[in-house]
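Structure file final_34.csv (CSV, C-alpha atoms and all ligand atoms) is printed below.
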```
chain,number,residue,atom,x,y,z
F,14,MET,CA,0.0,0.0,0.0
F,15,THR,CA,1.3,3.5,-0.9
F,16,ALA,CA,0.2,6.2,1.6
F,17,ARG,CA,-0.1,9.7,0.2
F,18,THR,CA,-0.1,12.9,2.2
F,19,VAL,CA,-3.3,14.9,1.5
F,20,ASP,CA,-2.9,18.6,1.7
F,21,ALA,CA,-5.6,20.0,4.0
F,22,THR,CA,-5.2,23.5,2.7
F,23,ASN,CA,-6.6,22.4,-0.7
F,24,HIS,CA,-9.7,21.1,1.2
F,25,ALA,CA,-10.2,24.5,2.8
F,26,ARG,CA,-9.6,26.4,-0.4
F,27,ILE,CA,-12.1,24.2,-2.4
F,28,ALA,CA,-14.7,24.7,0.3
F,29,GLY,CA,-14.1,28.5,0.3
F,30,LEU,CA,-14.7,28.7,-3.4
F,31,GLY,CA,-17.7,26.4,-3.2
F,32,GLN,CA,-19.2,28.5,-0.4
F,33,ARG,CA,-18.8,31.7,-2.5
F,34,VAL,CA,-20.6,30.1,-5.5
F,35,LEU,CA,-23.4,28.9,-3.2
F,36,GLU,CA,-23.7,32.5,-1.9
F,37,GLY,CA,-24.2,33.7,-5.5
F,38,GLU,CA,-20.8,35.0,-6.2
F,39,HIS,CA,-18.8,34.3,-9.4
F,40,ILE,CA,-15.3,32.7,-9.3
F,41,THR,CA,-12.5,34.3,-11.4
F,42,ARG,CA,-10.7,32.6,-14.2
F,43,GLU,CA,-7.6,32.3,-12.0
F,44,GLN,CA,-9.6,30.5,-9.3
F,45,ALA,CA,-11.2,28.3,-11.9
F,46,MET,CA,-7.8,27.3,-13.3
F,47,TRP,CA,-6.6,26.4,-9.8
F,48,LEU,CA,-9.6,24.0,-9.7
F,49,PHE,CA,-8.9,22.6,-13.2
F,50,ASN,CA,-5.3,21.9,-12.1
F,51,LEU,CA,-6.2,19.8,-9.0
F,52,GLU,CA,-4.6,16.4,-9.3
F,53,GLY,CA,-5.1,14.2,-6.2
F,54,SER,CA,-8.2,12.0,-6.1
F,55,ALA,CA,-9.0,13.3,-2.5
F,56,ASP,CA,-9.0,16.9,-3.9
F,57,ILE,CA,-11.0,15.9,-6.9
F,58,LEU,CA,-13.6,14.2,-4.8
F,59,ASP,CA,-13.8,17.2,-2.6
F,60,LEU,CA,-14.4,19.3,-5.7
F,61,LEU,CA,-17.2,16.9,-6.8
F,62,SER,CA,-18.9,17.1,-3.5
F,63,TRP,CA,-19.0,20.9,-3.7
F,64,ALA,CA,-20.2,20.8,-7.3
F,65,ASN,CA,-23.0,18.4,-6.1
F,66,ARG,CA,-24.0,21.0,-3.4
F,67,ILE,CA,-24.0,23.8,-6.0
F,68,ARG,CA,-26.2,21.6,-8.3
F,69,GLU,CA,-28.6,20.9,-5.5
F,70,GLN,CA,-28.8,24.5,-4.5
F,71,PHE,CA,-29.6,25.8,-7.9
F,72,LYS,CA,-31.2,22.8,-9.6
F,73,GLY,CA,-32.7,20.7,-6.8
F,74,ASN,CA,-33.1,17.1,-7.7
F,75,LYS,CA,-34.5,17.7,-11.2
F,76,ILE,CA,-32.7,16.3,-14.2
F,77,HIS,CA,-33.5,17.6,-17.7
F,78,LEU,CA,-33.6,14.8,-20.3
F,79,CYS,CA,-33.1,15.6,-24.0
F,80,SER,CA,-32.9,13.4,-27.1
F,81,ILE,CA,-32.0,14.0,-30.7
F,82,VAL,CA,-33.1,12.9,-34.1
F,83,ASN,CA,-30.7,13.0,-37.0
F,84,ALA,CA,-32.9,14.9,-39.4
F,85,LYS,CA,-30.3,15.1,-42.3
F,86,ALA,CA,-27.3,12.7,-42.1
F,87,GLY,CA,-23.8,12.7,-43.5
F,88,ALA,CA,-22.1,14.4,-46.6
F,89,CYS,CA,-21.6,17.6,-44.6
F,90,SER,CA,-19.5,20.3,-46.4
F,91,GLU,CA,-17.6,21.1,-43.1
F,92,ASN,CA,-14.4,19.5,-41.9
F,93,CYS,CA,-14.9,19.2,-38.1
F,94,SER,CA,-12.1,16.8,-37.1
F,95,PHE,CA,-14.2,14.9,-34.6
F,96,CYS,CA,-17.2,14.3,-36.8
F,97,ALA,CA,-18.3,11.1,-38.6
F,98,GLN,CA,-20.6,13.1,-40.9
F,99,SER,CA,-18.1,15.3,-42.6
F,100,SER,CA,-17.7,14.6,-46.3
F,101,PHE,CA,-13.9,15.1,-45.8
F,102,TYR,CA,-13.5,11.7,-44.1
F,103,GLN,CA,-14.4,8.1,-45.0
F,104,THR,CA,-16.3,6.9,-41.9
F,105,GLY,CA,-19.1,4.7,-43.3
F,106,SER,CA,-21.6,6.9,-41.5
F,107,PRO,CA,-25.2,6.9,-43.1
F,108,LYS,CA,-26.2,9.6,-45.6
F,109,TYR,CA,-29.7,10.9,-46.3
F,110,GLY,CA,-31.6,14.1,-47.0
F,111,PHE,CA,-33.9,16.0,-44.7
F,112,VAL,CA,-36.4,13.6,-43.2
F,113,ASP,CA,-40.2,13.3,-43.7
F,114,PRO,CA,-42.5,13.8,-40.7
F,115,GLU,CA,-42.7,10.1,-39.7
F,116,PRO,CA,-39.2,9.6,-38.1
F,117,VAL,CA,-39.7,12.9,-36.2
F,118,PHE,CA,-43.0,11.8,-34.8
F,119,GLU,CA,-41.5,8.4,-33.9
F,120,ALA,CA,-38.8,10.2,-31.9
F,121,ALA,CA,-41.5,12.4,-30.3
F,122,ASP,CA,-43.5,9.4,-29.3
F,123,GLU,CA,-40.5,7.7,-27.8
F,124,ALA,CA,-39.5,10.8,-25.9
F,125,ASN,CA,-43.1,11.2,-24.6
F,126,LYS,CA,-43.2,7.6,-23.4
F,127,ASN,CA,-39.9,8.1,-21.5
F,128,GLY,CA,-40.6,11.5,-20.0
F,129,VAL,CA,-37.9,13.1,-22.1
F,130,THR,CA,-38.3,16.9,-22.1
F,131,ALA,CA,-37.1,17.8,-25.6
F,132,VAL,CA,-36.3,16.3,-29.0
F,133,GLY,CA,-33.7,18.2,-31.1
F,134,LEU,CA,-33.8,18.1,-34.9
F,135,VAL,CA,-30.1,17.9,-35.9
F,136,ALA,CA,-28.9,18.4,-39.5
F,137,ALA,CA,-25.5,17.6,-40.9
F,138,TRP,CA,-24.9,20.7,-43.1
F,139,LYS,CA,-23.1,24.0,-42.8
F,140,GLY,CA,-26.2,26.0,-42.0
F,141,LEU,CA,-29.6,27.2,-42.9
F,142,ASN,CA,-30.6,30.0,-45.3
F,143,GLU,CA,-33.9,31.4,-46.4
F,144,GLY,CA,-35.6,29.2,-49.0
F,145,PRO,CA,-37.6,25.9,-49.4
F,146,MET,CA,-35.4,24.0,-46.9
F,147,LEU,CA,-36.2,26.6,-44.2
F,148,ASP,CA,-39.9,26.2,-45.0
F,149,GLU,CA,-39.6,22.4,-44.6
F,150,VAL,CA,-37.6,22.7,-41.3
F,151,CYS,CA,-40.3,25.2,-39.9
F,152,ASP,CA,-43.0,22.7,-40.9
F,153,ARG,CA,-41.3,19.9,-38.9
F,154,ILE,CA,-40.9,22.2,-35.9
F,155,ARG,CA,-44.6,23.4,-36.1
F,156,GLU,CA,-45.8,19.7,-36.4
F,157,LEU,CA,-43.7,18.7,-33.4
F,158,LYS,CA,-44.9,21.6,-31.3
F,159,GLU,CA,-48.6,21.1,-32.2
F,160,SER,CA,-48.3,17.4,-31.3
F,161,GLY,CA,-47.7,18.5,-27.7
F,162,LYS,CA,-45.6,15.4,-27.1
F,163,THR,CA,-42.3,17.1,-26.5
F,164,ARG,CA,-40.5,20.4,-26.8
F,165,PRO,CA,-39.0,20.8,-30.3
F,166,ASP,CA,-35.4,21.9,-30.2
F,167,ALA,CA,-33.1,22.2,-33.2
F,168,SER,CA,-29.4,22.2,-34.1
F,169,LEU,CA,-29.2,23.3,-37.7
F,170,GLY,CA,-25.8,24.9,-38.0
F,171,ILE,CA,-24.7,28.4,-38.9
F,172,ILE,CA,-27.3,31.1,-39.4
F,173,LYS,CA,-26.4,34.2,-41.4
F,174,SER,CA,-29.5,36.4,-41.1
F,175,GLN,CA,-31.9,37.6,-38.4
F,176,LYS,CA,-34.8,36.6,-40.6
F,177,VAL,CA,-33.9,32.9,-40.4
F,178,ALA,CA,-33.7,33.0,-36.6
F,179,ASP,CA,-37.0,34.8,-36.4
F,180,ARG,CA,-38.7,32.3,-38.7
F,181,LEU,CA,-37.6,29.4,-36.5
F,182,LYS,CA,-38.9,31.2,-33.4
F,183,GLU,CA,-42.3,31.9,-35.2
F,184,ALA,CA,-42.5,28.2,-36.1
F,185,GLY,CA,-42.5,27.4,-32.4
F,186,LEU,CA,-38.8,26.7,-31.7
F,187,GLU,CA,-37.8,27.4,-28.1
F,188,CYS,CA,-34.1,26.3,-28.0
F,189,TYR,CA,-31.4,26.1,-30.6
F,190,GLY,CA,-28.2,24.0,-30.2
F,191,HIS,CA,-25.0,25.5,-31.4
F,192,ASN,CA,-21.8,24.5,-29.7
F,193,LEU,CA,-18.7,26.7,-29.4
F,194,GLU,CA,-16.9,23.3,-29.4
F,195,SER,CA,-13.7,24.5,-27.5
F,196,SER,CA,-11.8,27.7,-26.8
F,197,ARG,CA,-11.4,30.3,-29.5
F,198,ARG,CA,-7.7,29.5,-29.4
F,199,PHE,CA,-8.2,25.8,-30.0
F,200,PHE,CA,-11.1,26.0,-32.4
F,201,PRO,CA,-9.0,26.2,-35.6
F,202,GLN,CA,-7.5,22.8,-34.7
F,203,THR,CA,-11.0,21.3,-34.9
F,204,CYS,CA,-12.4,23.0,-38.0
F,205,THR,CA,-11.1,25.3,-40.8
F,206,THR,CA,-14.2,25.5,-43.0
F,207,HIS,CA,-15.9,28.0,-40.7
F,208,THR,CA,-14.8,30.1,-37.8
F,209,TYR,CA,-15.5,30.6,-34.1
F,210,GLU,CA,-16.8,34.1,-35.1
F,211,ASP,CA,-19.4,32.5,-37.4
F,212,ARG,CA,-20.6,30.5,-34.4
F,213,ILE,CA,-20.7,33.6,-32.1
F,214,GLU,CA,-22.6,35.6,-34.8
F,215,THR,CA,-25.2,32.8,-35.1
F,216,ILE,CA,-25.8,32.8,-31.4
F,217,GLY,CA,-26.3,36.6,-31.5
F,218,TYR,CA,-29.1,36.2,-34.1
F,219,LEU,CA,-30.7,33.4,-32.1
F,220,LYS,CA,-30.7,35.4,-28.8
F,221,LYS,CA,-32.1,38.4,-30.6
F,222,ALA,CA,-35.0,36.2,-31.8
F,223,GLY,CA,-35.7,35.2,-28.2
F,224,LEU,CA,-34.5,31.6,-28.5
F,225,LYS,CA,-32.9,29.8,-25.6
F,226,ILE,CA,-29.3,28.7,-26.3
F,227,CYS,CA,-27.9,25.2,-25.9
F,228,SER,CA,-24.2,25.6,-26.4
F,229,GLY,CA,-21.2,23.6,-25.1
F,230,GLY,CA,-18.3,21.7,-26.5
F,231,ILE,CA,-16.3,18.6,-26.7
F,232,ILE,CA,-13.5,17.6,-24.4
F,233,GLY,CA,-10.7,15.1,-25.2
F,234,MET,CA,-9.8,16.6,-28.6
F,235,GLY,CA,-6.3,17.4,-27.5
F,236,GLU,CA,-7.2,20.7,-25.9
F,237,THR,CA,-5.6,21.9,-22.7
F,238,ARG,CA,-7.2,22.6,-19.3
F,239,GLU,CA,-6.9,26.3,-20.2
F,240,ASP,CA,-9.0,25.7,-23.3
F,241,ARG,CA,-11.7,23.9,-21.3
F,242,CYS,CA,-11.7,26.7,-18.7
F,243,ASP,CA,-11.9,29.4,-21.4
F,244,LEU,CA,-14.7,27.5,-23.1
F,245,ALA,CA,-16.7,27.6,-19.9
F,246,PHE,CA,-16.2,31.3,-19.4
F,247,SER,CA,-17.1,32.0,-23.1
F,248,LEU,CA,-20.3,30.0,-22.6
F,249,LYS,CA,-21.0,32.1,-19.5
F,250,GLU,CA,-20.5,35.3,-21.5
F,251,ILE,CA,-22.8,34.3,-24.4
F,252,GLY,CA,-25.5,33.4,-21.8
F,253,ALA,CA,-25.9,29.7,-22.8
F,254,ASN,CA,-29.0,28.2,-21.0
F,255,VAL,CA,-28.0,24.6,-21.6
F,256,VAL,CA,-24.4,23.5,-21.7
F,257,PRO,CA,-23.8,20.1,-23.3
F,258,ILE,CA,-20.4,18.6,-22.5
F,259,ASN,CA,-19.5,15.9,-25.0
F,260,ILE,CA,-16.6,13.6,-24.5
F,261,LEU,CA,-14.7,12.6,-27.7
F,262,ASN,CA,-15.6,9.2,-29.0
F,263,PRO,CA,-12.8,8.8,-31.6
F,264,ILE,CA,-14.4,7.8,-34.9
F,265,PRO,CA,-12.2,5.7,-37.2
F,266,GLY,CA,-11.5,7.7,-40.4
F,267,THR,CA,-11.5,11.1,-38.7
F,268,PRO,CA,-8.4,13.1,-37.9
F,269,PHE,CA,-9.0,12.5,-34.1
F,270,GLU,CA,-9.4,8.7,-34.5
F,271,ASN,CA,-6.2,8.0,-32.4
F,272,ASN,CA,-6.8,10.6,-29.7
F,273,PRO,CA,-6.1,9.0,-26.3
F,274,PRO,CA,-9.1,8.9,-24.0
F,275,LEU,CA,-9.3,11.4,-21.1
F,276,PRO,CA,-9.0,9.7,-17.6
F,277,VAL,CA,-12.4,9.4,-15.9
F,278,LEU,CA,-11.3,11.6,-13.0
F,279,GLU,CA,-10.3,14.3,-15.5
F,280,ILE,CA,-13.7,14.2,-17.1
F,281,LEU,CA,-15.5,14.4,-13.8
F,282,LYS,CA,-13.3,17.2,-12.6
F,283,THR,CA,-14.0,19.1,-15.8
F,284,ILE,CA,-17.8,18.7,-15.3
F,285,ALA,CA,-17.4,19.9,-11.7
F,286,CYS,CA,-15.3,23.0,-12.8
F,287,PHE,CA,-18.1,23.9,-15.3
F,288,ARG,CA,-20.6,23.7,-12.4
F,289,PHE,CA,-18.5,26.1,-10.4
F,290,ILE,CA,-18.3,28.5,-13.3
F,291,LEU,CA,-21.9,28.1,-14.5
F,292,PRO,CA,-23.8,27.4,-11.3
F,293,ARG,CA,-27.3,28.1,-12.7
F,294,GLN,CA,-27.0,26.6,-16.2
F,295,GLU,CA,-28.3,23.2,-17.2
F,296,ILE,CA,-25.0,21.2,-17.6
F,297,MET,CA,-25.8,18.3,-19.9
F,298,ILE,CA,-23.7,15.2,-20.4
F,299,ALA,CA,-24.1,14.4,-24.0
F,300,GLY,CA,-22.1,12.3,-26.6
F,301,GLY,CA,-19.3,9.9,-25.5
F,302,ARG,CA,-20.7,9.3,-22.0
F,303,THR,CA,-21.0,5.5,-22.1
F,304,VAL,CA,-17.7,4.8,-23.9
F,305,ASN,CA,-15.6,7.2,-21.8
F,306,LEU,CA,-17.2,6.9,-18.3
F,307,ARG,CA,-18.4,3.3,-18.3
F,308,ASP,CA,-19.3,2.3,-14.7
F,309,ALA,CA,-18.7,5.9,-13.5
F,310,GLN,CA,-21.6,7.4,-15.5
F,311,SER,CA,-23.8,8.0,-12.5
F,312,MET,CA,-21.0,10.1,-10.9
F,313,VAL,CA,-21.7,12.9,-13.5
F,314,PHE,CA,-24.5,14.2,-11.2
F,315,MET,CA,-22.2,14.2,-8.2
F,316,ALA,CA,-19.9,16.3,-10.4
F,317,GLY,CA,-22.7,18.8,-10.9
F,318,ALA,CA,-24.5,17.7,-14.1
F,319,SER,CA,-28.2,18.5,-14.2
F,320,ALA,CA,-29.2,17.2,-17.6
F,321,LEU,CA,-28.6,14.1,-19.7
F,322,MET,CA,-28.8,13.3,-23.4
F,323,VAL,CA,-30.6,10.0,-23.7
F,324,GLY,CA,-31.3,7.6,-26.5
F,325,ASN,CA,-28.8,7.1,-29.3
F,326,TYR,CA,-26.5,9.8,-30.5
F,327,LEU,CA,-26.1,10.9,-34.1
F,328,THR,CA,-23.6,8.3,-35.2
F,329,THR,CA,-22.9,6.2,-32.1
F,330,LEU,CA,-25.0,4.2,-29.6
F,331,ASN,CA,-25.9,5.0,-26.0
F,332,GLN,CA,-27.0,2.8,-23.2
F,333,SER,CA,-30.8,2.2,-23.1
F,334,VAL,CA,-33.2,4.9,-21.8
F,335,GLU,CA,-34.6,2.4,-19.4
F,336,LYS,CA,-31.1,2.0,-17.8
F,337,ASP,CA,-30.7,5.8,-17.6
F,338,LEU,CA,-34.1,6.2,-15.9
F,339,GLN,CA,-33.2,3.5,-13.4
F,340,MET,CA,-29.9,5.2,-12.7
F,341,LEU,CA,-31.7,8.5,-11.9
F,342,LYS,CA,-34.2,6.7,-9.7
F,343,ASP,CA,-31.4,5.0,-7.8
F,344,LEU,CA,-29.8,8.3,-7.1
F,345,GLY,CA,-33.0,10.0,-6.0
F,346,LEU,CA,-33.1,12.3,-9.0
F,347,ASP,CA,-36.3,13.3,-10.8
F,348,PRO,CA,-36.4,13.7,-14.6
F,349,SER,CA,-40.1,14.8,-14.8
F,350,TRP,CA,-40.8,18.3,-16.1
F,351,GLU,CA,-44.1,20.0,-16.5
F,352,ASN,CA,-44.8,21.7,-19.9
F,353,HIS,CA,-41.4,20.7,-21.3
F,354,GLY,CA,-40.0,23.9,-19.8
F,355,PHE,CA,-36.7,25.2,-18.6
F,356,SER,CA,-35.7,25.4,-15.0
F,357,ASP,CA,-35.2,28.8,-13.4
F,358,GLN,CA,-32.2,30.7,-14.6
F,359,ASP,CA,-32.5,34.2,-13.4
F,360,ASP,CA,-29.7,35.6,-15.4
F,361,ASN,CA,-27.5,34.9,-18.4
F,362,GLY,CA,-24.7,33.6,-16.3
F,363,CYS,CA,-22.9,36.8,-16.7
F,364,GLY,CA,-25.3,38.6,-14.5
F,365,CYS,CA,-27.3,40.4,-17.2
F,366,SER,CA,-30.5,39.3,-18.9
F,367,LYS,CA,-30.2,41.2,-22.1
F,368,THR,CA,-31.0,39.2,-25.2
F,369,SER,CA,-28.2,41.1,-27.0
F,370,CYS,CA,-25.7,39.7,-24.5
F,371,ALA,CA,-23.9,37.5,-27.1
F,372,THR,CA,-23.3,40.4,-29.4
F,373,GLU,CA,-21.8,42.4,-26.6
F,374,MET,CA,-19.5,39.6,-25.3
F,375,VAL,CA,-16.0,40.4,-24.4
F,376,THR,CA,-13.7,37.5,-25.4
F,377,ALA,CA,-12.3,35.8,-22.4
F,378,ASP,CA,-10.0,33.5,-24.4
F,379,ALA,CA,-8.7,35.8,-27.2
A,1,LIG,S1,-20.0,18.8,-36.7
A,1,LIG,FE1,-21.8,19.5,-37.9
A,1,LIG,S2,-20.9,21.1,-39.2
A,1,LIG,FE2,-19.2,19.9,-38.5
A,1,LIG,S3,-18.8,18.2,-40.0
A,1,LIG,FE3,-20.2,17.4,-38.5
A,1,LIG,S4,-22.3,17.7,-39.2
A,1,LIG,FE4,-20.9,19.1,-40.4
```

In structure tokens, write the structure found in this file.
Amino acid sequence: MTARTVDATNHARIAGLGQRVLEGEHITREQAMWLFNLEGSADILDLLSWANRIREQFKGNKIHLCSIVNAKAGACSENCSFCAQSSFYQTGSPKYGFVDPEPVFEAADEANKNGVTAVGLVAAWKGLNEGPMLDEVCDRIRELKESGKTRPDASLGIIKSQKVADRLKEAGLECYGHNLESSRRFFPQTCTTHTYEDRIETIGYLKKAGLKICSGGIIGMGETREDRCDLAFSLKEIGANVVPINILNPIPGTPFENNPPLPVLEILKTIACFRFILPRQEIMIAGGRTVNLRDAQSMVFMAGASALMVGNYLTTLNQSVEKDLQMLKDLGLDPSWENHGFSDQDDNGCGCSKTSCATEMVTADA
């Protein structure tokens, strides 16, 4: 047996920062980086326990469940290095055009049966412009909304005009998914066919239209802890309502196919640090959960997660929804939501509630 000296000053400093967040204060980037750099398992478990307290204080025992339907698959014009659906890589991923209503209704029925709050329509393309495709997308959103079975969300890429965002809102969309993926500094290593600025601009249009923002990123792409920290602060500045954390599941044929997996404690620590930085946001564990966390999946809630992507992902499989629901029940967590709504978030994370917040953001990671 190897005994290790545990530094009690770390215990006190983590508690001090946790207490500040519980009292409604914001931690600084420097303090957050100190948390990201904790190494010992005793310190990391201390951090998780405080992230769990913060989740309980701001989120109670409610867990928000979302699912997605791949509304247009493969042959994407973009070169995101993590993605099986890019036309730049040979991955064997399915390819089809924008779906008819039936698969969307099937996904809504499935979501309704399992008490899943929202179904997101996800399309593998660069973005959405005005034209017949926008009409079709709006039809699907309207049908889904009128069915009353679930909340229609969408993740349809880059938007280049306010009109498109307004049309989506008019069709009944409430929340749009658009990840920043990583820090501004690391982003060019993940994609060169569009820019971080394109993504920030899209979020500006969406917020101006009055849509809620689901925006997060992917960890395990080769980024540093500084990049993860800067991503969290950028998400705070743009006022993301839901923050999905994906963990890279390396897809054969993509440039990231040989990326080494992140250690489980590093993943849990990252989730906990996000909870310290984003105390009121829905922090959702999304793609790559099963393959990277295995038996430690249930610990994401103790690390501060308050939302879960359930059902299969776009190109990879997840564990069954029944298993996820049992996991929540065993932990005393409650996935039921009335009216498919959002939990209370009384500010944009940055302290303001202006819909123009994203367009006014000061870059934390430039
Ligand atoms: S992540 Fe989206 S934009 Fe990038 S290649 Fe995949 S489908 Fe296209």

Go through F:Leu281, F:Val323, F:Cys96, F:Ile260 one by one, measure the shortest atom-to-atom distance of each to ligand LIG 1 (chain A) using only C-alpha atoms and all ligand atoms, and give the residue with the smallest value.
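Ranking F:Leu281, F:Val323, F:Cys96, F:Ile260 by distance to ligand LIG 1 (chain A), first place goes to F:Cys96.
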
Rank F:Pro257, F:Phe289, F:Pro265, F:Asn127 by their smallest atom-to-atom distance to Ala28 (chain F), using all atoms listed in the file, and report the top residue only.
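Ranked by minimum distance to Ala28 (chain F), first place goes to F:Phe289.
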
Using only C-alpha atoms: which of F:Cys204, F:Leu219, F:Ala245, F:Val82 has the shortest distance to Ser94 (chain F)
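For Ser94 (chain F), the nearest of the given residues is F:Cys204.
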
Please, which residues in region 218-255 of chain F fall within 10 Å of region 152-167 of chain F when counting only C-alpha atoms, and what is the closest atom pair and distance in Å to one decimal for each, ordered by chain then residue number, as CSV?
```
residue,atom,partner,partner_atom,distance
F:Leu224,CA,F:Asp166,CA,9.9
F:Lys225,CA,F:Asp166,CA,9.5
F:Ile226,CA,F:Asp166,CA,9.9
F:Cys227,CA,F:Asp166,CA,9.3
```

For ligand LIG 1 (chain A), which of F:Glu91, F:Glu295, F:Asp122, F:Asp148 is the closest residue, counting only C-alpha atoms and all ligand atoms?
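Nearest to ligand LIG 1 (chain A): F:Glu91.
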
For the interface of region 287-337 of chain F with region 42-50 of chain F (cut-off 12 Å, counting all atoms listed in the file), please tabulate each contacting residue of region 287-337 of chain F alongside its nearest pair of atoms and their separation in Å to one decimal, rows sorted by chain and increasing number, as JSON lines.
```
{"residue": "F:Phe287", "atom": "CA", "partner": "F:Ala45", "partner_atom": "CA", "distance": 8.9}
{"residue": "F:Arg288", "atom": "CA", "partner": "F:Ala45", "partner_atom": "CA", "distance": 10.5}
{"residue": "F:Phe289", "atom": "CA", "partner": "F:Ala45", "partner_atom": "CA", "distance": 7.8}
{"residue": "F:Ile290", "atom": "CA", "partner": "F:Ala45", "partner_atom": "CA", "distance": 7.2}
{"residue": "F:Leu291", "atom": "CA", "partner": "F:Ala45", "partner_atom": "CA", "distance": 11.0}
```

Write the residues you've just listed into a file as an mmCIF file, in the coordinates of the input, and include C-alpha atoms for each of them.
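In the end it all went to again_18.cif:
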```cif
data_model
loop_
_atom_site.group_PDB
_atom_site.id
_atom_site.type_symbol
_atom_site.label_atom_id
_atom_site.label_comp_id
_atom_site.auth_asym_id
_atom_site.auth_seq_id
_atom_site.Cartn_x
_atom_site.Cartn_y
_atom_site.Cartn_z
ATOM 1 C CA PHE F 287 -18.100 23.900 -15.300
ATOM 2 C CA ARG F 288 -20.600 23.700 -12.400
ATOM 3 C CA PHE F 289 -18.500 26.100 -10.400
ATOM 4 C CA ILE F 290 -18.300 28.500 -13.300
ATOM 5 C CA LEU F 291 -21.900 28.100 -14.500
#
```

Report the closest atom pair, with its distance in Å rounded to one decimal, for each residue of chain F that has an atom no farther than 8 Å from ligand LIG 1 (chain A); count only C-alpha atoms and all ligand atoms, sort by chain and then rising residue number, and write it as a Markdown table.
```
| residue | atom | partner | partner_atom | distance |
| --- | --- | --- | --- | --- |
| F:Ala86 | CA | A:LIG1 | S4 | 7.6 |
| F:Gly87 | CA | A:LIG1 | S4 | 6.8 |
| F:Ala88 | CA | A:LIG1 | FE4 | 7.9 |
| F:Cys89 | CA | A:LIG1 | FE4 | 4.5 |
| F:Ser90 | CA | A:LIG1 | FE4 | 6.3 |
| F:Glu91 | CA | A:LIG1 | S3 | 4.4 |
| F:Asn92 | CA | A:LIG1 | S3 | 5.0 |
| F:Cys93 | CA | A:LIG1 | FE2 | 4.4 |
| F:Ser94 | CA | A:LIG1 | S3 | 7.4 |
| F:Phe95 | CA | A:LIG1 | S1 | 7.3 |
| F:Cys96 | CA | A:LIG1 | FE3 | 4.6 |
| F:Ala97 | CA | A:LIG1 | FE3 | 6.6 |
| F:Gln98 | CA | A:LIG1 | FE3 | 4.9 |
| F:Ser99 | CA | A:LIG1 | S3 | 4.0 |
| F:Ser100 | CA | A:LIG1 | S3 | 7.3 |
| F:Ala136 | CA | A:LIG1 | S4 | 6.6 |
| F:Ala137 | CA | A:LIG1 | S4 | 3.6 |
| F:Trp138 | CA | A:LIG1 | FE4 | 5.1 |
| F:Lys139 | CA | A:LIG1 | S2 | 5.1 |
| F:Gly140 | CA | A:LIG1 | S2 | 7.7 |
| F:Gly170 | CA | A:LIG1 | S2 | 6.3 |
| F:Cys204 | CA | A:LIG1 | FE2 | 7.5 |
```

Could you work out how far CA of Val150 (chain F) lies from CA of Gln332 (chain F), giving the answer in Å with one decimal?
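Interatomic distance, CA of Gln332 (chain F) to CA of Val150 (chain F): 28.9 Å.
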